[in-house]
Amino acid sequence: MSKVLYIKASPMRQRSNSIAIADAFVEAYKKANPKDEIKLLDLFSDKLPDFDYVAASGKYNVMHNKPHSDEEKQAWDRVVAVIEEFKSADKYVIATPMWNFSIPYRLKQYIDIIVQPGLTFTVDSAGNYQGLVTDKRVFVAYARGGEYPAGTPGEAFDLQKKYIELILGFMGLTDVRFVIVEPSLMKGREVAEQKRSAAIDKAVKMAADF
Ligand SMILES: Cc1cc2nc3c(=O)[nH]c(=O)nc-3n(C[C@H](O)[C@H](O)[C@H](O)COP(=O)(O)O)c2cc1C
């Protein structure tokens with residue numbers, strides 16, 4: 001039995017394109033793998049710890065066995081608990097919008113929590129980074145209001161997919177499958193609905209082999 005962590009990074013609930021695609025993917029996956037566990041993390045509803053002064057100083061002091069306050073230890077323990085939950089999954093599904101050419105701040109906050117040395121990545125003796133979350137698959141549903149096709153000038157503005165793939169790869173997650181729905185706004189409702197429906201069909205097919 002596998003555990004799938006389903007991370008929603010849009011606040012738009014039933015109006016969200018990325019969630020509609022990821023939901024369809026997860027439903028198809030559940031049909032194909034009825035015994036697997038799906039754990040939902042809704043980044044705009046669930047509470048994440050702040051990565052503030054206490055958490056950051058807790059990180060440095062606890063990791064380096066330096067004197068630290070109870071408050072720092074508790075703040076760092078809350079961060080580690082989120083990382084442990086992340087690492088306990090065997091597979092990941094992420095639904096994310098493009099916001100200002102990148103990702104929503106709640107997903108960035110989650111990334112700032114889980115990407116930690118010694119827990120999700122390390123540095124080898126030659127000074128090279130090595131991911132510690134390996135041999136796990138990821139499916140990402142990306143939604144964008146505009147269009148950023150490869151080979152066009154728009155491609156350079158796409159810091160959403162580029163960043164997600166970079167940071168996942170940094171942690172060792174290199175098997176990243178994806179579906180993009182674009183443009184969800186720029187060419188009107190009819191085009192958006194066609195694109196969304198095509199993206200859902202594609203996602204459902206991809207779930208069979210995930
Ligand atoms: C705060 C905000 C910023 C956005 N920035 C961009 C952007 O930089 N480029 C773009 O193409 N669309 C942008 N959009 C539009 C969203 O990417 C688009 O509505 C997408 O469908 C959102 O994903 P969702 O439907 O899953 O919520 C933005 C939307 C919001 C709310």
# chains A, B, ... in the order shown; residues from 1 in each chain; ligands from 1
>>> select_by_dssp(residues="chain A", states="strand (DSSP E or B)", output="ChimeraX atom specification")
/A:3-8,37-42,91-97,99,102,117,121-123,129-131,137-143,175-181
>>> select_by_dssp(residues="stretch 12-100 of chain A", states="alpha helix (DSSP H)", output="ChimeraX atom specification")
/A:17-32,53-63,70-87
>>> residues_around(residues="stretch 5-17 of chain A", least_positions_apart="6", cutoff="9 Å", atoms="only C-alpha atoms", output="ChimeraX atom specification")
/A:26,37-45,85-86,88-97,103-107,141-144,181,184,196
>>> closest_residue(among="A:Phe170, A:Phe51, A:Val138, A:Ala81", to="A:Met206", atoms="only C-alpha atoms")
A:Val138
>>> closest_residue(among="A:Leu185, A:Val115, A:Ala208, A:Ala199", to="ligand 1", atoms="only C-alpha atoms and all ligand atoms")
A:Leu185
>>> residues_around(residues="A:Thr174", least_positions_apart="2", cutoff="10 Å", atoms="only C-alpha atoms", output="list in words")
Gly131, Val133, Thr134, Asp135, Lys136, Arg137, Val138, Glu165, Leu166, Ile167, Leu168, Gly169, Phe170, Met171, Gly172, Val176 and Arg177 of chain A
>>> write_last_selection(atoms="N, CA, C and O atoms", output="PDB file, in the first residue's frame")
ATOM      1  N   GLY A 131      19.988  15.127  -3.198  1.00  0.00           N
ATOM      2  CA  GLY A 131      18.634  15.039  -2.642  1.00  0.00           C
ATOM      3  C   GLY A 131      18.498  13.790  -1.789  1.00  0.00           C
ATOM      4  O   GLY A 131      19.120  12.756  -2.068  1.00  0.00           O
ATOM      5  N   VAL A 133      15.269  12.710  -0.869  1.00  0.00           N
ATOM      6  CA  VAL A 133      13.915  12.171  -1.076  1.00  0.00           C
ATOM      7  C   VAL A 133      13.918  11.568  -2.486  1.00  0.00           C
ATOM      8  O   VAL A 133      13.619  12.248  -3.466  1.00  0.00           O
ATOM      9  N   THR A 134      14.289  10.314  -2.557  1.00  0.00           N
ATOM     10  CA  THR A 134      14.533   9.718  -3.880  1.00  0.00           C
ATOM     11  C   THR A 134      13.540   8.590  -4.175  1.00  0.00           C
ATOM     12  O   THR A 134      12.858   8.099  -3.279  1.00  0.00           O
ATOM     13  N   ASP A 135      13.514   8.201  -5.437  1.00  0.00           N
ATOM     14  CA  ASP A 135      12.701   7.072  -5.902  1.00  0.00           C
ATOM     15  C   ASP A 135      11.205   7.254  -5.618  1.00  0.00           C
ATOM     16  O   ASP A 135      10.519   6.306  -5.236  1.00  0.00           O
ATOM     17  N   LYS A 136      10.735   8.470  -5.765  1.00  0.00           N
ATOM     18  CA  LYS A 136       9.308   8.724  -5.577  1.00  0.00           C
ATOM     19  C   LYS A 136       8.798   9.548  -6.757  1.00  0.00           C
ATOM     20  O   LYS A 136       9.509  10.412  -7.250  1.00  0.00           O
ATOM     21  N   ARG A 137       7.576   9.249  -7.153  1.00  0.00           N
ATOM     22  CA  ARG A 137       7.001   9.970  -8.304  1.00  0.00           C
ATOM     23  C   ARG A 137       6.235  11.198  -7.874  1.00  0.00           C
ATOM     24  O   ARG A 137       5.652  11.226  -6.794  1.00  0.00           O
ATOM     25  N   VAL A 138       6.190  12.152  -8.803  1.00  0.00           N
ATOM     26  CA  VAL A 138       5.411  13.371  -8.553  1.00  0.00           C
ATOM     27  C   VAL A 138       4.543  13.643  -9.793  1.00  0.00           C
ATOM     28  O   VAL A 138       5.021  13.509 -10.928  1.00  0.00           O
ATOM     29  N   GLU A 165      10.239  22.217 -10.748  1.00  0.00           N
ATOM     30  CA  GLU A 165      11.095  21.091 -11.152  1.00  0.00           C
ATOM     31  C   GLU A 165      12.479  21.213 -10.523  1.00  0.00           C
ATOM     32  O   GLU A 165      13.082  20.220 -10.126  1.00  0.00           O
ATOM     33  N   LEU A 166      12.979  22.439 -10.431  1.00  0.00           N
ATOM     34  CA  LEU A 166      14.297  22.634  -9.824  1.00  0.00           C
ATOM     35  C   LEU A 166      14.294  22.214  -8.352  1.00  0.00           C
ATOM     36  O   LEU A 166      15.157  21.458  -7.903  1.00  0.00           O
ATOM     37  N   ILE A 167      13.306  22.682  -7.616  1.00  0.00           N
ATOM     38  CA  ILE A 167      13.315  22.437  -6.168  1.00  0.00           C
ATOM     39  C   ILE A 167      12.973  20.972  -5.859  1.00  0.00           C
ATOM     40  O   ILE A 167      13.521  20.392  -4.915  1.00  0.00           O
ATOM     41  N   LEU A 168      12.096  20.373  -6.665  1.00  0.00           N
ATOM     42  CA  LEU A 168      11.814  18.948  -6.454  1.00  0.00           C
ATOM     43  C   LEU A 168      13.075  18.131  -6.751  1.00  0.00           C
ATOM     44  O   LEU A 168      13.456  17.244  -5.980  1.00  0.00           O
ATOM     45  N   GLY A 169      13.741  18.455  -7.854  1.00  0.00           N
ATOM     46  CA  GLY A 169      14.974  17.754  -8.229  1.00  0.00           C
ATOM     47  C   GLY A 169      16.056  17.935  -7.170  1.00  0.00           C
ATOM     48  O   GLY A 169      16.820  17.008  -6.883  1.00  0.00           O
ATOM     49  N   PHE A 170      16.102  19.113  -6.584  1.00  0.00           N
ATOM     50  CA  PHE A 170      17.081  19.400  -5.529  1.00  0.00           C
ATOM     51  C   PHE A 170      16.894  18.445  -4.348  1.00  0.00           C
ATOM     52  O   PHE A 170      17.857  18.038  -3.706  1.00  0.00           O
ATOM     53  N   MET A 171      15.634  18.083  -4.070  1.00  0.00           N
ATOM     54  CA  MET A 171      15.354  17.147  -2.963  1.00  0.00           C
ATOM     55  C   MET A 171      15.465  15.692  -3.412  1.00  0.00           C
ATOM     56  O   MET A 171      15.246  14.786  -2.613  1.00  0.00           O
ATOM     57  N   GLY A 172      15.736  15.471  -4.708  1.00  0.00           N
ATOM     58  CA  GLY A 172      15.884  14.096  -5.198  1.00  0.00           C
ATOM     59  C   GLY A 172      14.701  13.597  -5.992  1.00  0.00           C
ATOM     60  O   GLY A 172      14.707  12.461  -6.472  1.00  0.00           O
ATOM     61  N   VAL A 176       9.134  13.577 -12.433  1.00  0.00           N
ATOM     62  CA  VAL A 176       8.060  14.567 -12.304  1.00  0.00           C
ATOM     63  C   VAL A 176       7.215  14.558 -13.580  1.00  0.00           C
ATOM     64  O   VAL A 176       7.703  14.912 -14.652  1.00  0.00           O
ATOM     65  N   ARG A 177       5.980  14.126 -13.452  1.00  0.00           N
ATOM     66  CA  ARG A 177       5.041  14.112 -14.593  1.00  0.00           C
ATOM     67  C   ARG A 177       4.097  15.290 -14.421  1.00  0.00           C
ATOM     68  O   ARG A 177       3.824  15.694 -13.291  1.00  0.00           O
TER      69      ARG A 177
END
>>> closest_residue(among="A:Ala20, A:His64, A:Lys35, A:Ala28", to="A:Val204", atoms="only C-alpha atoms")
A:Ala28
>>> residues_around(residues="A:Ser102", least_positions_apart="3", cutoff="9 Å", atoms="only C-alpha atoms", output="list in words")
Pro97, Met98, Trp99, Phe157, Asp158, Leu159, Gln160, Lys161, Lys162, Tyr163 and Ile164 of chain A
>>> closest_residue(among="A:Val62, A:Ala156, A:Ala56, A:Ala126", to="A:Asp112", atoms="only C-alpha atoms")
A:Ala56
